[in-house]
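Structure file upload-v9.csv (CSV, C-alpha atoms) follows.
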chain,number,residue,atom,x,y,z
C,1,MET,CA,51.4,12.2,88.0
C,2,GLN,CA,49.3,12.9,84.9
C,3,ALA,CA,45.7,11.9,85.1
C,4,VAL,CA,44.4,9.5,82.5
C,5,SER,CA,41.1,10.4,80.9
C,6,THR,CA,38.5,7.7,81.0
C,7,THR,CA,36.1,9.4,78.5
C,8,PRO,CA,35.1,7.0,75.8
C,9,VAL,CA,36.2,8.0,72.3
C,10,THR,CA,33.6,7.4,69.5
C,11,VAL,CA,35.3,6.6,66.2
C,12,LYS,CA,33.1,7.5,63.2
C,13,ASN,CA,33.5,5.4,60.1
C,14,PRO,CA,31.1,6.9,57.4
C,15,PRO,CA,32.6,5.0,54.5
C,16,ALA,CA,32.0,1.7,56.2
C,17,GLN,CA,28.5,2.6,57.1
C,18,ALA,CA,27.8,3.9,53.5
C,19,ALA,CA,29.3,0.9,51.8
C,20,PRO,CA,26.2,-1.4,51.9
C,21,SER,CA,24.0,1.4,50.7
C,22,ARG,CA,26.4,2.3,47.8
C,23,ALA,CA,26.7,-1.4,46.8
C,24,TYR,CA,22.9,-1.8,46.8
C,25,TRP,CA,22.3,1.2,44.6
C,26,LEU,CA,25.1,0.3,42.3
C,27,LYS,CA,23.8,-3.2,41.9
C,28,THR,CA,20.3,-1.9,41.2
C,29,LEU,CA,21.5,0.6,38.7
C,30,HIS,CA,23.6,-2.0,36.9
C,31,GLN,CA,20.6,-4.4,36.8
C,32,TRP,CA,18.3,-1.7,35.3
C,33,HIS,CA,21.1,-0.7,32.9
C,34,TRP,CA,21.6,-4.1,31.4
C,35,ILE,CA,17.9,-4.9,31.2
C,36,SER,CA,17.2,-1.6,29.3
C,37,SER,CA,20.3,-2.1,27.1
C,38,ALA,CA,19.1,-5.5,26.2
C,39,LEU,CA,15.7,-4.2,25.2
C,40,CYS,CA,17.2,-1.3,23.3
C,41,LEU,CA,20.0,-3.2,21.5
C,42,ILE,CA,18.4,-4.1,18.2
C,43,GLY,CA,16.3,-0.9,18.1
C,44,MET,CA,19.5,1.2,18.7
C,45,LEU,CA,21.3,-0.6,15.9
C,46,LEU,CA,18.3,0.1,13.6
C,47,PHE,CA,18.0,3.7,14.5
C,48,ALA,CA,21.8,4.3,14.4
C,49,PHE,CA,21.9,2.8,10.9
C,50,THR,CA,18.9,4.7,9.6
C,51,GLY,CA,20.2,7.9,11.1
C,52,ILE,CA,23.1,7.6,8.7
C,53,THR,CA,20.9,6.7,5.7
C,54,LEU,CA,18.5,9.5,6.5
C,55,ASN,CA,21.4,12.0,6.8
C,56,HIS,CA,22.7,10.8,3.3
C,57,ALA,CA,19.3,10.2,1.7
C,58,ALA,CA,20.2,12.3,-1.3
C,59,ASP,CA,23.4,10.2,-1.9
C,60,ILE,CA,21.7,6.8,-1.8
C,61,PRO,CA,20.3,5.9,-5.2
C,62,ALA,CA,16.8,4.5,-5.3
C,63,THR,CA,14.8,3.3,-8.3
C,64,PRO,CA,11.0,3.1,-7.5
C,65,VAL,CA,9.2,0.0,-8.7
C,66,VAL,CA,5.7,0.6,-9.8
C,67,GLN,CA,3.0,-2.1,-10.0
C,68,ASN,CA,-0.4,-1.6,-11.7
C,69,LYS,CA,-3.4,-3.8,-11.5
C,70,THR,CA,-6.8,-3.4,-13.1
C,71,VAL,CA,-10.0,-5.4,-12.6
C,72,GLU,CA,-13.7,-5.0,-13.3
C,73,LEU,CA,-16.3,-5.1,-10.6
C,74,PRO,CA,-18.9,-7.9,-11.1
C,75,GLU,CA,-22.5,-6.8,-11.6
C,76,ALA,CA,-23.5,-8.1,-8.1
C,77,LEU,CA,-21.3,-5.4,-6.6
C,78,ARG,CA,-22.2,-2.4,-8.8
C,79,ALA,CA,-25.1,-1.5,-6.5
C,80,ALA,CA,-22.6,-1.0,-3.6
C,81,ILE,CA,-21.0,1.9,-5.5
C,82,ALA,CA,-24.1,3.4,-7.0
C,83,VAL,CA,-24.4,7.2,-6.5
C,84,LYS,CA,-26.8,8.1,-3.7
C,85,ASP,CA,-28.2,11.5,-2.6
C,86,ASP,CA,-27.2,11.2,1.0
C,87,GLU,CA,-23.8,9.5,0.9
C,88,PRO,CA,-20.9,10.9,2.9
C,89,ASP,CA,-17.8,12.3,1.3
C,90,ASN,CA,-15.6,10.0,3.3
C,91,ALA,CA,-16.7,6.5,4.3
C,92,ALA,CA,-15.2,3.0,4.5
C,93,LEU,CA,-15.8,0.6,1.6
C,94,PRO,CA,-18.8,-1.8,2.1
C,95,PRO,CA,-17.6,-5.1,3.6
C,96,ALA,CA,-18.6,-7.2,0.5
C,97,LEU,CA,-16.8,-4.8,-1.8
C,98,HIS,CA,-13.7,-4.6,0.5
C,99,ALA,CA,-13.4,-8.4,0.6
C,100,TRP,CA,-13.8,-8.8,-3.1
C,101,LEU,CA,-11.2,-6.2,-3.9
C,102,ALA,CA,-8.7,-7.7,-1.5
C,103,GLN,CA,-9.1,-11.1,-3.1
C,104,ALA,CA,-9.2,-9.9,-6.7
C,105,LEU,CA,-6.1,-7.6,-6.3
C,106,GLY,CA,-4.2,-10.0,-4.0
C,107,VAL,CA,-3.5,-7.2,-1.5
C,108,GLY,CA,-4.3,-6.3,2.1
C,109,LEU,CA,-6.7,-3.4,2.3
C,110,PRO,CA,-7.1,-1.5,5.6
C,111,ASP,CA,-10.6,-0.5,6.9
C,112,THR,CA,-9.8,3.2,6.4
C,113,ALA,CA,-12.2,5.7,4.9
C,114,ALA,CA,-12.2,6.3,1.2
C,115,GLU,CA,-13.0,9.5,-0.6
C,116,TRP,CA,-16.4,9.3,-2.4
C,117,SER,CA,-17.3,11.6,-5.3
C,118,PRO,CA,-20.0,11.2,-8.0
C,119,GLU,CA,-17.3,10.1,-10.5
C,120,GLU,CA,-15.1,7.8,-8.4
C,121,ILE,CA,-14.1,6.3,-5.1
C,122,TYR,CA,-10.5,6.9,-4.2
C,123,LEU,CA,-8.7,5.0,-1.4
C,124,SER,CA,-5.2,6.2,-0.4
C,125,LEU,CA,-2.9,3.4,0.9
C,126,PRO,CA,0.3,5.0,2.2
C,127,ARG,CA,2.9,2.5,3.4
C,128,PRO,CA,6.5,2.5,4.7
C,129,GLY,CA,9.0,2.6,1.9
C,130,GLY,CA,6.5,3.5,-0.8
C,131,ASP,CA,2.9,4.4,-1.6
C,132,ALA,CA,-0.3,2.9,-3.0
C,133,TRP,CA,-3.7,3.9,-4.0
C,134,LEU,CA,-6.9,2.4,-5.4
C,135,ARG,CA,-9.5,4.1,-7.6
C,136,ILE,CA,-13.0,2.8,-8.6
C,137,GLU,CA,-14.9,4.4,-11.5
C,138,ARG,CA,-18.5,4.4,-10.3
C,139,GLU,CA,-20.1,4.5,-13.7
C,140,SER,CA,-18.0,1.7,-15.4
C,141,GLY,CA,-17.0,-0.3,-12.4
C,142,SER,CA,-13.4,-0.2,-13.5
C,143,VAL,CA,-10.9,-0.6,-10.6
C,144,GLU,CA,-7.3,0.6,-10.9
C,145,TYR,CA,-4.6,-0.2,-8.2
C,146,GLU,CA,-1.1,1.2,-8.1
C,147,ARG,CA,1.7,0.4,-5.7
C,148,THR,CA,5.1,2.1,-5.6
C,149,ASP,CA,8.0,0.4,-3.8
C,150,ARG,CA,11.1,2.6,-3.1
C,151,GLY,CA,13.3,-0.2,-1.7
C,152,TRP,CA,14.4,-1.5,1.7
C,153,ILE,CA,16.5,1.6,2.6
C,154,SER,CA,13.4,3.8,2.2
C,155,TYR,CA,11.4,1.2,4.2
C,156,LEU,CA,13.8,1.3,7.1
C,157,ASN,CA,14.0,5.1,6.9
C,158,ASP,CA,10.2,5.3,7.3
C,159,LEU,CA,10.3,2.9,10.2
C,160,HIS,CA,12.8,5.4,11.8
C,161,LYS,CA,10.3,8.3,11.2
C,162,GLY,CA,7.2,6.3,12.1
C,163,ARG,CA,5.7,7.2,8.7
C,164,HIS,CA,2.6,5.3,7.9
C,165,THR,CA,3.6,2.5,10.2
C,166,GLY,CA,0.3,1.9,12.2
C,167,ILE,CA,-0.5,2.0,15.9
C,168,ALA,CA,1.5,-1.1,16.8
C,169,TRP,CA,4.8,0.4,15.6
C,170,LYS,CA,3.9,3.7,17.4
C,171,TRP,CA,3.5,1.8,20.6
C,172,PHE,CA,6.9,0.1,20.0
C,173,LEU,CA,8.5,3.5,19.5
C,174,ASP,CA,7.1,4.8,22.8
C,175,ILE,CA,8.2,1.7,24.7
C,176,PHE,CA,11.6,1.8,23.0
C,177,SER,CA,12.0,5.5,23.9
C,178,VAL,CA,11.2,4.8,27.6
C,179,ALA,CA,13.8,2.0,27.6
C,180,CYS,CA,16.4,4.3,26.1
C,181,LEU,CA,15.7,6.9,28.8
C,182,VAL,CA,16.1,4.3,31.5
C,183,PHE,CA,19.4,3.1,29.8
C,184,CYS,CA,20.8,6.7,29.6
C,185,ILE,CA,19.7,7.8,33.1
C,186,THR,CA,21.0,4.7,34.8
C,187,GLY,CA,24.2,5.1,32.8
C,188,LEU,CA,24.5,8.6,34.1
C,189,PHE,CA,24.2,7.5,37.7
C,190,ILE,CA,26.7,4.7,37.2
C,191,LEU,CA,29.1,7.3,35.9
C,192,LYS,CA,28.5,9.3,39.0
C,193,PHE,CA,29.4,6.3,41.2
C,194,HIS,CA,32.7,5.7,39.3
C,195,ALA,CA,33.6,9.4,38.6
C,196,ALA,CA,35.9,9.7,41.6
C,197,ALA,CA,38.2,7.0,40.3
C,198,ARG,CA,37.9,8.2,36.7
C,199,PRO,CA,38.8,11.9,36.5
C,200,THR,CA,37.9,12.2,32.8
C,201,THR,CA,34.3,11.2,33.3
C,202,TRP,CA,32.7,14.6,33.7
C,203,PRO,CA,34.8,16.3,31.1
C,204,MET,CA,33.7,13.7,28.6
C,205,VAL,CA,30.1,14.1,29.6
C,206,GLY,CA,30.4,17.8,29.3
C,207,ALA,CA,32.0,17.4,25.8
C,208,GLY,CA,28.9,15.4,24.8
C,209,LEU,CA,26.8,18.4,25.7
C,210,VAL,CA,29.1,21.2,24.5
C,211,ILE,CA,30.0,19.8,21.1
C,212,PRO,CA,26.5,19.5,19.7
C,213,LEU,CA,25.5,22.8,21.3
C,214,LEU,CA,28.4,24.6,19.6
C,215,LEU,CA,27.5,23.0,16.3
C,216,VAL,CA,23.9,24.3,16.6
C,217,ILE,CA,25.0,27.8,17.6
C,218,LEU,CA,27.7,28.2,15.0
C,219,PHE,CA,26.5,26.2,12.0
C,220,ILE,CA,22.7,25.9,12.1
C,221,HIS,CA,20.8,29.0,11.3
Just give me the structure of the file as structure tokens.
Amino acid sequence: MQAVSTTPVTVKNPPAQAAPSRAYWLKTLHQWHWISSALCLIGMLLFAFTGITLNHAADIPATPVVQNKTVELPEALRAAIAVKDDEPDNAALPPALHAWLAQALGVGLPDTAAEWSPEEIYLSLPRPGGDAWLRIERESGSVEYERTDRGWISYLNDLHKGRHTGIAWKWFLDIFSVACLVFCITGLFILKFHAAARPTTWPMVGAGLVIPLLLVILFIH
């Protein structure tokens, strides 16, 4: 008569034990992925569009529009621009002069330093999509202001490059870049979770790396 073993048999079920953990991480990744994608959506559209316009900048016609304004400083403000022996080469405009110029010219003037020479005071006013400058003749008190506008395509291109956009836009670019990193990294991990059921996942990811790498090696010198 054959003996029957009474030793208990332990049945391991790793997939069942791992399922709750997998579901938790997948849910967390999807949550971060959609939040970062929502934050990035409009910025991504802007940067994708301006990537095309920058790549074809020479093919997009632009006719700069130049505006000129001239005014004369009142006698009360002439003393503010009088030549002094100990004046610096670079200094901000005096507050009273700054306020009068902004009102007389109808433009917003930053509190940046101007270039002071015995003959004139020159204030460079670079801006996205164009340029501007202001010049004051110290002897005559004549003020000349010129603004160049190169159109909205040029404006959007400069936003893409962060050219003369100020500190607030630079902060936006930094935050947008972090959100894009979160979007891409969470997307990569989500691909990893689904790769077993989608055999073309990693070949496509590899193609996204190999294609630009080959273009750089073969065509960019």
For region 41-55 of chain C, work out the shell of residues within 6 Å, counting all atoms listed in the file and skipping chain neighbours fewer than 3 positions away, then give it as a PyMOL selection string.
chain C and resi 37-38+157
Can you work out the spacing between CA of Asp85 (chain C) and CA of Glu144 (chain C) in Å, to one decimal?
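Atom-to-atom, CA of Asp85 (chain C) and CA of Glu144 (chain C) are spaced 25.0 Å apart.
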Can you measure CA of Gln103 (chain C) to CA of Val71 (chain C) for me? One decimal in Å is fine.
11.1 Å
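Put simply, CA of Ala62 (chain C) is 26.9 Å away from CA of Pro110 (chain C).
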For region 201-205 of chain C, list every protein, DNA or RNA residue within 8 Å, evaluated using only C-alpha atoms, and leave out those in the same chain fewer than 4 positions away; present the list as a list of chain:residue names.
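After dropping sequence-adjacent residues, the list is C:Leu191, C:Ala195, C:Leu209.
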